[in-house]
>>> print(open('target-v9.txt').read())   # compact mmCIF, C-alpha atoms and all ligand atoms
# COMPACT_ATOMS: atom_id res chain seq x y z
CA MET A 1023 25.21 7.60 -35.71
CA LYS A 1024 23.63 4.24 -36.42
CA ALA A 1025 20.40 3.39 -34.70
CA GLU A 1026 20.79 0.84 -31.94
CA ALA A 1027 18.18 -1.35 -30.36
CA PRO A 1028 16.80 0.57 -27.42
CA ARG A 1029 18.01 -0.60 -24.07
CA GLY A 1030 18.19 0.60 -20.49
CA ALA A 1031 15.75 3.38 -19.76
CA ASP A 1032 14.88 3.68 -23.47
CA ALA A 1033 13.58 0.14 -23.92
CA PRO A 1034 9.80 -0.04 -24.11
CA PRO A 1035 8.58 -1.69 -20.94
CA GLU A 1036 5.97 -4.37 -21.05
CA LEU A 1037 2.95 -3.92 -18.87
CA VAL A 1038 0.26 -6.41 -17.98
CA GLN A 1039 -3.10 -4.78 -18.49
CA LEU A 1040 -6.51 -6.50 -18.46
CA LEU A 1041 -8.73 -3.42 -18.24
CA THR A 1042 -8.03 -0.24 -20.21
CA PRO A 1043 -8.59 3.24 -18.83
CA GLU A 1044 -11.77 3.31 -20.97
CA GLY A 1045 -13.08 0.21 -19.22
CA GLU A 1046 -12.46 -2.29 -22.06
CA ARG A 1047 -11.34 -5.82 -21.19
CA VAL A 1048 -8.16 -6.92 -22.92
CA GLU A 1049 -6.65 -10.39 -23.17
CA HIS A 1050 -3.18 -11.27 -22.01
CA PRO A 1051 -1.57 -14.58 -22.97
CA ASP A 1052 -0.10 -15.28 -19.52
CA TYR A 1053 -2.50 -13.58 -17.19
CA ASP A 1054 -6.20 -13.83 -17.34
CA ILE A 1055 -8.93 -13.76 -14.85
CA GLU A 1056 -12.58 -14.77 -14.77
CA LEU A 1057 -14.59 -12.42 -12.61
CA SER A 1058 -18.33 -12.62 -12.04
CA GLY A 1059 -20.52 -9.52 -11.89
CA ASP A 1060 -20.66 -9.88 -8.12
CA GLU A 1061 -16.88 -10.02 -7.88
CA VAL A 1062 -16.38 -6.91 -10.00
CA ARG A 1063 -19.04 -5.00 -8.04
CA SER A 1064 -17.31 -6.05 -4.85
CA LEU A 1065 -13.95 -4.78 -6.14
CA TYR A 1066 -15.62 -1.52 -7.11
CA ARG A 1067 -17.04 -1.21 -3.60
CA ASP A 1068 -13.58 -1.80 -2.08
CA LEU A 1069 -12.01 0.84 -4.31
CA ALA A 1070 -14.70 3.42 -3.65
CA LEU A 1071 -14.82 2.90 0.12
CA VAL A 1072 -11.07 3.00 0.49
CA ARG A 1073 -10.91 6.25 -1.48
CA ARG A 1074 -13.51 7.64 0.89
CA ILE A 1075 -11.58 6.58 4.00
CA ASP A 1076 -8.54 8.32 2.56
CA LEU A 1077 -10.47 11.49 1.76
CA GLU A 1078 -11.91 11.63 5.27
CA ALA A 1079 -8.44 11.18 6.76
CA VAL A 1080 -7.05 14.05 4.67
CA ALA A 1081 -9.95 16.24 5.84
CA LEU A 1082 -9.34 15.25 9.47
CA GLN A 1083 -5.68 16.20 9.15
CA ARG A 1084 -6.57 19.55 7.59
CA GLN A 1085 -8.82 20.23 10.57
CA GLY A 1086 -6.01 19.48 13.00
CA GLU A 1087 -7.32 16.11 14.14
CA LEU A 1088 -4.41 14.07 12.73
CA GLY A 1089 -0.74 15.01 12.90
CA ILE A 1090 -0.10 13.87 9.34
CA TRP A 1091 -1.62 11.56 6.72
CA ALA A 1092 -0.12 9.71 3.75
CA SER A 1093 -2.79 9.60 1.07
CA LEU A 1094 -3.21 6.59 -1.24
CA LEU A 1095 -5.13 8.59 -3.84
CA GLY A 1096 -4.56 6.97 -7.25
CA GLN A 1097 -3.09 3.77 -5.82
CA GLU A 1098 -6.37 2.08 -4.87
CA ALA A 1099 -6.27 -0.55 -7.63
CA ALA A 1100 -2.71 -1.62 -6.85
CA GLN A 1101 -3.68 -2.11 -3.21
CA ILE A 1102 -7.11 -3.68 -3.60
CA GLY A 1103 -5.99 -5.92 -6.48
CA SER A 1104 -3.00 -7.26 -4.58
CA GLY A 1105 -4.83 -7.28 -1.23
CA ARG A 1106 -7.70 -9.35 -2.58
CA ALA A 1107 -5.21 -11.87 -3.99
CA LEU A 1108 -4.13 -12.83 -0.46
CA THR A 1109 -5.35 -15.77 1.58
CA ASP A 1110 -5.92 -15.45 5.32
CA ALA A 1111 -2.71 -17.37 6.02
CA ASP A 1112 -0.52 -15.02 3.96
CA MET A 1113 1.39 -12.32 5.83
CA VAL A 1114 1.62 -8.67 4.81
CA PHE A 1115 4.38 -6.15 5.54
CA PRO A 1116 3.17 -2.65 4.58
CA THR A 1117 4.73 0.81 4.36
CA TYR A 1118 2.75 3.74 5.76
CA ARG A 1119 0.44 4.13 2.75
CA GLU A 1120 -1.25 0.71 2.49
CA HIS A 1121 -4.71 1.73 3.69
CA GLY A 1122 -6.32 -0.30 0.89
CA VAL A 1123 -4.45 -3.45 1.83
CA ALA A 1124 -5.38 -2.87 5.49
CA TRP A 1125 -9.01 -2.75 4.36
CA CYS A 1126 -8.60 -6.13 2.65
CA ARG A 1127 -7.12 -7.52 5.89
CA ASN A 1128 -10.15 -6.33 7.90
CA VAL A 1129 -8.19 -3.80 9.92
CA ASP A 1130 -10.73 -1.32 11.29
CA PRO A 1131 -9.88 1.97 9.48
CA VAL A 1132 -10.09 3.94 12.72
CA LYS A 1133 -7.09 1.96 13.90
CA LEU A 1134 -5.07 3.37 11.00
CA LEU A 1135 -5.91 6.85 12.22
CA GLY A 1136 -4.67 6.19 15.75
CA LEU A 1137 -1.04 6.20 14.66
CA PHE A 1138 -1.46 9.43 12.68
CA ARG A 1139 -3.37 11.05 15.57
CA GLY A 1140 -0.53 10.10 17.88
CA VAL A 1141 -2.68 8.18 20.33
CA ASN A 1142 -0.84 4.89 19.91
CA HIS A 1143 2.33 3.44 18.44
CA GLY A 1144 0.75 1.04 16.01
CA GLY A 1145 -2.95 0.53 16.27
CA TRP A 1146 -3.68 -3.12 15.59
CA ASP A 1147 -2.44 -6.56 16.45
CA PRO A 1148 -0.40 -7.79 13.45
CA ALA A 1149 -1.02 -11.42 14.39
CA GLU A 1150 -4.78 -10.95 14.41
CA HIS A 1151 -4.90 -9.65 10.83
CA ASN A 1152 -1.67 -11.05 9.38
CA PHE A 1153 -0.96 -7.43 8.61
CA HIS A 1154 2.19 -6.04 10.16
CA LEU A 1155 2.39 -2.55 11.64
CA TYR A 1156 3.01 0.40 9.35
CA THR A 1157 6.70 1.03 8.76
CA ILE A 1158 8.09 4.51 8.30
CA VAL A 1159 11.77 3.61 7.89
CA ILE A 1160 11.93 3.28 4.13
CA GLY A 1161 12.58 -0.24 2.91
CA SER A 1162 13.28 -1.80 6.32
CA GLN A 1163 10.14 -3.93 6.16
CA THR A 1164 11.54 -5.86 3.19
CA LEU A 1165 14.10 -7.44 5.49
CA HIS A 1166 11.43 -8.20 8.09
CA ALA A 1167 9.33 -9.80 5.37
CA VAL A 1168 12.09 -11.98 4.00
CA GLY A 1169 13.03 -13.12 7.51
CA TYR A 1170 9.39 -13.97 8.14
CA ALA A 1171 9.13 -15.75 4.79
CA MET A 1172 12.21 -17.84 5.58
CA GLY A 1173 10.60 -18.71 8.91
CA ILE A 1174 7.34 -19.97 7.41
CA GLN A 1175 9.37 -21.80 4.78
CA ARG A 1176 11.07 -23.71 7.60
CA ASP A 1177 7.71 -24.33 9.27
CA GLY A 1178 6.47 -25.87 6.03
CA ALA A 1179 3.49 -23.50 6.04
CA GLU A 1180 1.24 -23.21 3.03
CA ALA A 1181 1.46 -19.47 2.99
CA ALA A 1182 3.29 -16.63 1.33
CA THR A 1183 4.52 -13.24 2.46
CA ILE A 1184 3.98 -10.02 0.57
CA VAL A 1185 5.90 -6.85 1.20
CA TYR A 1186 5.00 -3.39 -0.06
CA PHE A 1187 7.44 -0.61 -0.82
CA GLY A 1188 7.79 2.37 -3.12
CA ASP A 1189 9.93 3.28 -6.12
CA GLY A 1190 12.18 5.38 -3.89
CA ALA A 1191 12.71 2.46 -1.53
CA THR A 1192 14.34 0.44 -4.32
CA SER A 1193 17.45 2.58 -3.84
CA GLN A 1194 17.78 1.51 -0.20
CA GLY A 1195 20.41 -1.00 0.85
CA ASP A 1196 17.84 -2.91 2.90
CA VAL A 1197 15.70 -3.60 -0.17
CA ASN A 1198 18.65 -4.83 -2.21
CA GLU A 1199 19.85 -7.03 0.65
CA SER A 1200 16.39 -8.47 1.03
CA PHE A 1201 16.34 -9.32 -2.70
CA ILE A 1202 19.57 -11.28 -2.26
CA TRP A 1203 18.36 -13.19 0.80
CA ALA A 1204 15.02 -13.98 -0.81
CA SER A 1205 16.70 -15.14 -3.98
CA VAL A 1206 19.37 -17.42 -2.57
CA PHE A 1207 17.03 -18.97 0.00
CA ASN A 1208 14.14 -19.15 -2.47
CA ALA A 1209 11.95 -17.48 0.13
CA PRO A 1210 8.16 -17.48 -0.35
CA VAL A 1211 7.87 -13.72 -0.71
CA VAL A 1212 6.30 -11.34 -3.19
CA PHE A 1213 7.94 -7.95 -3.48
CA PHE A 1214 5.18 -5.53 -4.39
CA CYS A 1215 6.62 -2.20 -5.50
CA GLN A 1216 4.12 0.58 -6.04
CA ASN A 1217 5.93 2.77 -8.49
CA ASN A 1218 3.96 5.96 -8.00
CA GLN A 1219 6.64 7.88 -9.94
CA TRP A 1220 7.77 9.97 -6.98
CA ALA A 1221 9.67 9.62 -3.72
CA ILE A 1222 8.50 12.83 -2.09
CA SER A 1223 9.98 15.35 -4.59
CA GLU A 1224 12.45 12.93 -6.19
CA PRO A 1225 11.29 11.63 -9.58
CA LEU A 1226 11.69 8.06 -10.75
CA GLU A 1227 14.57 9.00 -13.11
CA LYS A 1228 16.67 9.64 -10.01
CA GLN A 1229 16.13 6.09 -8.76
CA SER A 1230 16.81 3.97 -11.81
CA ARG A 1231 17.95 4.01 -15.41
CA ILE A 1232 16.05 0.83 -16.17
CA PRO A 1233 12.42 -0.07 -15.44
CA LEU A 1234 12.27 -1.22 -11.83
CA TYR A 1235 10.84 -4.67 -12.55
CA ARG A 1236 13.98 -5.52 -14.55
CA ARG A 1237 16.08 -5.21 -11.43
CA ALA A 1238 14.82 -8.64 -10.34
CA SER A 1239 16.70 -10.49 -13.09
CA GLY A 1240 20.03 -9.31 -11.69
CA PHE A 1241 19.10 -10.91 -8.38
CA GLY A 1242 17.91 -14.11 -10.04
CA PHE A 1243 14.14 -14.08 -9.80
CA PRO A 1244 11.29 -12.97 -12.05
CA GLY A 1245 10.12 -9.39 -12.25
CA ILE A 1246 6.95 -8.18 -13.87
CA ARG A 1247 5.35 -4.82 -14.52
CA VAL A 1248 1.62 -4.52 -14.12
CA ASP A 1249 -0.71 -1.62 -14.77
CA GLY A 1250 -1.08 -0.47 -11.18
CA ASN A 1251 -4.30 1.38 -12.00
CA ASP A 1252 -5.92 -1.81 -13.27
CA VAL A 1253 -7.45 -3.76 -10.39
CA PHE A 1254 -8.05 -6.88 -12.55
CA ALA A 1255 -4.43 -7.06 -13.66
CA CYS A 1256 -3.08 -6.40 -10.16
CA LEU A 1257 -5.29 -9.19 -8.81
CA ALA A 1258 -4.27 -11.67 -11.53
CA VAL A 1259 -0.55 -10.98 -11.37
CA THR A 1260 -0.34 -10.97 -7.58
CA ARG A 1261 -2.42 -14.14 -7.30
CA GLU A 1262 0.01 -15.93 -9.60
CA ALA A 1263 3.09 -14.61 -7.80
CA LEU A 1264 1.69 -15.65 -4.40
CA ARG A 1265 0.81 -19.09 -5.73
CA ASN A 1266 4.34 -19.52 -7.06
CA ALA A 1267 5.74 -18.48 -3.70
CA ARG A 1268 3.52 -20.94 -1.83
CA GLU A 1269 4.47 -23.72 -4.23
CA GLY A 1270 8.18 -23.30 -3.54
CA GLN A 1271 9.10 -21.35 -6.65
CA GLY A 1272 10.56 -18.46 -4.70
CA PRO A 1273 10.19 -14.69 -4.92
CA THR A 1274 8.74 -12.40 -7.57
CA LEU A 1275 9.10 -8.67 -7.94
CA ILE A 1276 5.91 -6.97 -9.07
CA GLU A 1277 6.21 -3.38 -10.18
CA ALA A 1278 2.75 -1.83 -10.08
CA TYR A 1279 3.04 1.13 -12.41
CA THR A 1280 0.83 3.81 -10.92
CA TYR A 1281 0.76 7.42 -9.84
CA ARG A 1282 0.52 9.27 -6.57
CA MET A 1283 -2.28 11.70 -7.37
CA GLY A 1284 -2.04 13.49 -4.06
CA ALA A 1285 0.81 14.99 -2.12
CA HIS A 1286 3.44 12.71 -0.57
CA THR A 1287 1.83 13.43 2.78
CA THR A 1288 -0.29 16.28 4.09
CA SER A 1289 3.00 18.02 4.98
CA ASP A 1290 4.05 18.16 1.33
CA ASP A 1291 3.19 20.55 -1.52
CA PRO A 1292 3.70 18.79 -4.87
CA THR A 1293 3.08 21.98 -6.87
CA ARG A 1294 6.62 22.95 -5.84
CA TYR A 1295 8.19 20.20 -7.91
CA ARG A 1296 5.84 18.74 -10.50
CA VAL A 1297 3.83 20.15 -13.37
CA ALA A 1298 0.03 20.11 -13.31
CA SER A 1299 -0.23 18.47 -16.76
CA GLU A 1300 1.33 15.29 -15.37
CA LEU A 1301 -1.46 14.92 -12.84
CA GLU A 1302 -4.08 15.72 -15.48
CA ALA A 1303 -2.74 12.94 -17.73
CA TRP A 1304 -2.92 10.42 -14.89
CA LYS A 1305 -6.43 11.48 -13.89
CA LEU A 1306 -7.56 9.99 -17.20
CA LYS A 1307 -6.21 6.64 -15.99
CA ASP A 1308 -8.11 6.76 -12.72
CA PRO A 1309 -8.33 3.24 -11.24
CA ILE A 1310 -11.94 3.60 -10.08
CA GLU A 1311 -13.41 5.24 -13.16
CA ARG A 1312 -12.35 2.38 -15.41
CA VAL A 1313 -14.13 -0.23 -13.27
CA LYS A 1314 -17.21 1.97 -13.25
CA ALA A 1315 -17.05 2.25 -17.05
CA TYR A 1316 -16.66 -1.54 -17.34
CA LEU A 1317 -19.66 -2.18 -15.08
CA PHE A 1318 -21.81 0.29 -17.02
CA LYS A 1319 -20.76 -0.93 -20.46
CA ASN A 1320 -21.46 -4.53 -19.58
CA GLN A 1321 -24.70 -3.70 -17.80
CA LEU A 1322 -23.41 -5.25 -14.61
CA ALA A 1323 -24.45 -2.29 -12.49
CA ASP A 1324 -26.94 0.54 -12.74
CA GLN A 1325 -27.25 3.99 -11.24
CA ASP A 1326 -28.88 2.57 -8.10
CA PHE A 1327 -25.82 0.45 -7.41
CA PHE A 1328 -23.45 3.41 -7.66
CA GLU A 1329 -25.73 5.53 -5.48
CA SER A 1330 -25.87 2.82 -2.82
CA ILE A 1331 -22.07 2.70 -2.72
CA GLU A 1332 -21.96 6.47 -2.46
CA LEU A 1333 -24.34 6.30 0.49
CA GLU A 1334 -22.32 3.57 2.16
CA ALA A 1335 -19.16 5.67 1.68
CA ASP A 1336 -20.84 8.68 3.30
CA GLU A 1337 -21.87 6.59 6.30
CA LEU A 1338 -18.41 5.09 6.58
CA GLY A 1339 -16.82 8.54 6.44
CA LYS A 1340 -19.12 9.90 9.14
CA ASP A 1341 -18.60 6.92 11.40
CA LEU A 1342 -14.84 7.07 10.94
CA ARG A 1343 -14.76 10.77 11.83
CA ARG A 1344 -16.87 10.27 14.95
CA ARG A 1345 -14.77 7.36 16.21
CA CYS A 1346 -11.52 9.18 15.41
CA LEU A 1347 -12.53 12.14 17.58
CA GLU A 1348 -13.58 9.78 20.36
CA MET A 1349 -10.19 8.08 20.60
CA PRO A 1350 -8.87 8.93 24.06
CA ASP A 1351 -5.54 10.71 24.45
CA PRO A 1352 -3.01 8.43 26.13
CA GLY A 1353 -1.40 9.39 29.43
CA PRO A 1354 2.18 10.70 29.13
CA LEU A 1355 3.64 7.49 30.58
CA ALA A 1356 2.00 5.33 27.92
CA ILE A 1357 5.02 5.99 25.74
CA PHE A 1358 6.85 3.34 27.79
CA ASP A 1359 4.23 0.68 27.20
CA HIS A 1360 4.75 -2.03 24.57
CA VAL A 1361 8.41 -1.17 23.95
CA TYR A 1362 9.37 -4.69 25.00
CA ALA A 1363 7.15 -7.72 25.41
CA GLU A 1364 8.79 -8.53 28.77
CA PRO A 1365 9.60 -6.26 31.75
CA HIS A 1366 12.80 -4.34 31.14
CA ALA A 1367 14.95 -2.88 33.95
CA LEU A 1368 16.33 0.17 32.13
CA LEU A 1369 12.94 1.09 30.74
CA ARG A 1370 11.39 0.82 34.21
CA GLU A 1371 14.06 3.16 35.55
CA GLU A 1372 13.44 5.67 32.74
CA ARG A 1373 9.71 5.47 33.33
CA GLU A 1374 10.17 6.20 37.04
CA GLN A 1375 12.43 9.14 36.29
CA TYR A 1376 9.93 10.59 33.84
CA ALA A 1377 7.06 10.09 36.30
CA ALA A 1378 9.07 11.97 38.95
CA TYR A 1379 9.81 14.76 36.48
CA LEU A 1380 6.11 15.11 35.62
CA ALA A 1381 5.21 15.09 39.31
CA GLY A 1382 7.51 18.09 39.80
CA PHE A 1383 5.17 20.41 37.91
CA GLU A 1384 2.90 22.69 39.85
CA GLY A 1385 -0.54 21.23 40.27
CA ALA A 1386 0.65 17.75 39.30
CA SER A 1387 -1.21 15.12 41.25
C1 LIG A 1401 15.49 5.28 5.79
C2 LIG A 1401 14.65 6.48 5.52
N1 LIG A 1401 15.17 7.50 4.80
C3 LIG A 1401 14.42 8.58 4.51
C4 LIG A 1401 13.13 8.67 4.98
C5 LIG A 1401 12.29 9.91 4.64
N2 LIG A 1401 11.28 9.55 3.66
C6 LIG A 1401 10.00 9.30 4.03
S1 LIG A 1401 9.05 8.85 2.73
C7 LIG A 1401 10.32 8.99 1.64
C8 LIG A 1401 10.13 8.71 0.18
C9 LIG A 1401 9.71 7.32 -0.12
O1 LIG A 1401 9.36 7.19 -1.47
P1 LIG A 1401 8.84 5.83 -2.06
O2 LIG A 1401 9.66 4.70 -1.59
O3 LIG A 1401 8.72 6.02 -3.53
O4 LIG A 1401 7.39 5.66 -1.41
P2 LIG A 1401 6.09 6.58 -1.56
O5 LIG A 1401 6.09 7.51 -0.40
O6 LIG A 1401 6.18 7.28 -2.87
O7 LIG A 1401 4.92 5.67 -1.48
C10 LIG A 1401 11.48 9.39 2.31
C11 LIG A 1401 12.78 9.63 1.64
C12 LIG A 1401 12.64 7.62 5.77
N3 LIG A 1401 11.39 7.63 6.26
N4 LIG A 1401 13.40 6.52 6.00
MG MG A 1402 7.06 6.57 -4.64
>>> encode(input="target-v9.txt", output="structure tokens")
Amino acid sequence: MKAEAPRGADAPPELVQLLTPEGERVEHPDYDIELSGDEVRSLYRDLALVRRIDLEAVALQRQGELGIWASLLGQEAAQIGSGRALTDADMVFPTYREHGVAWCRNVDPVKLLGLFRGVNHGGWDPAEHNFHLYTIVIGSQTLHAVGYAMGIQRDGAEAATIVYFGDGATSQGDVNESFIWASVFNAPVVFFCQNNQWAISEPLEKQSRIPLYRRASGFGFPGIRVDGNDVFACLAVTREALRNAREGQGPTLIEAYTYRMGAHTTSDDPTRYRVASELEAWKLKDPIERVKAYLFKNQLADQDFFESIELEADELGKDLRRRCLEMPDPGPLAIFDHVYAEPHALLREEREQYAAYLAGFEGAS
């Protein structure tokens, strides 16, 4: 058989990388970024603190204090890089795993825990942070984001919308429909796909025969793959895509090529479906270690700096734990609150019925 040019899943994908796993800076003809020592130290701090928040949340779940938790372990650079590319006016539509982006939007981390502890239905005011509520229904937020983007386009706002979703979500109808709407209306939206290689136990090969970023060309807008474990590259690529969106050049699909180092959620056991060597290979590409190596190599930070971040992380973890345990349990009727913005007759009736039912129990006041 004659050799053919590789195509489809066999074609070598291009990947924007500005910082290697060993902490070496590399040049890219289209994407570059000038970062001061202060800026890199600040990115390191973000990455390290967000990892600590995540770790504390996993521990809280294991101790029965949260119902479930979706860890972002391994995806810190994709989230901090893209999150730090945003302006205050930009709007974010997350999945359930965007704890790093929430951090960049100044959402108090304890508010993330409220949802997973079951003490509220959301936790923060999306308008206050320009960070929408977490979305569990896979891919549905892409439609919300495109609708929002079309709205701000009509308002003439100087802002963009970014929407996060996973590799598995790309198989959803909602995501594909949102691509079409965004494309034909040239909506100011950035589709940020964190390809963490897995959708629970379903590997990437079951979602696509071509690299995900190439899907965009079929819809008529640019797609780009970035090293999702490289915070510099994620920042540079997202900044550019957001700028293009704000300047009326329409949507971009960014595929952040990364890896979910933890379980899908605390309810999942990845040892049932993936081999340990895969995780070991990705540990060598850890998004935080490479920034640390870069800072050390370039003498931009010393041991004292790393120790001070460690200390800050410990304090943050402790504080988060204390405030999580202090969150009051809601009353049983709170489930009816905030369903609609305005009073609603049917809901009022259901609330009354439920209150009467509860009152029927012995000892009920
Ligand atoms: C519409 C819908 N179908 C199925 C599920 C169950 N489910 C929850 S997470 C998940 C996998 C999502 O994988 P991916 O999009 O890659 O995101 P990741 O969790 O890896 O970040 C599925 C199928 C759901 N929440 N919503
Ligand atoms: Mg995934």
>>> residues_around(input="target-v9.txt", residues="Asn1152 in chain A", least_positions_apart="6", cutoff="9 Å", atoms="all atoms listed in the file", output="PyMOL selection string")
chain A and resi 1110-1115+1127
>>> residues_near_ligand(input="target-v9.txt", ligand="ligand LIG 1401 (chain A)", cutoff="10 Å", atoms="all atoms listed in the file", output="PyMOL selection string")
chain A and resi 1092-1094+1097+1117-1120+1157-1162+1186-1196+1215-1226+1229+1281-1282+1285-1287
>>> atom_distance(input="target-v9.txt", atom1="CA of Gly1339 in chain A", atom2="CA of Pro1309 in chain A")
20.3 Å
>>> atom_distance(input="target-v9.txt", atom1="CA of Ala1323 in chain A", atom2="CA of Arg1106 in chain A")
20.7 Å
>>> atom_distance(input="target-v9.txt", atom1="CA of Glu1199 in chain A", atom2="atom MG of ligand MG 1402 (chain A)")
19.4 Å
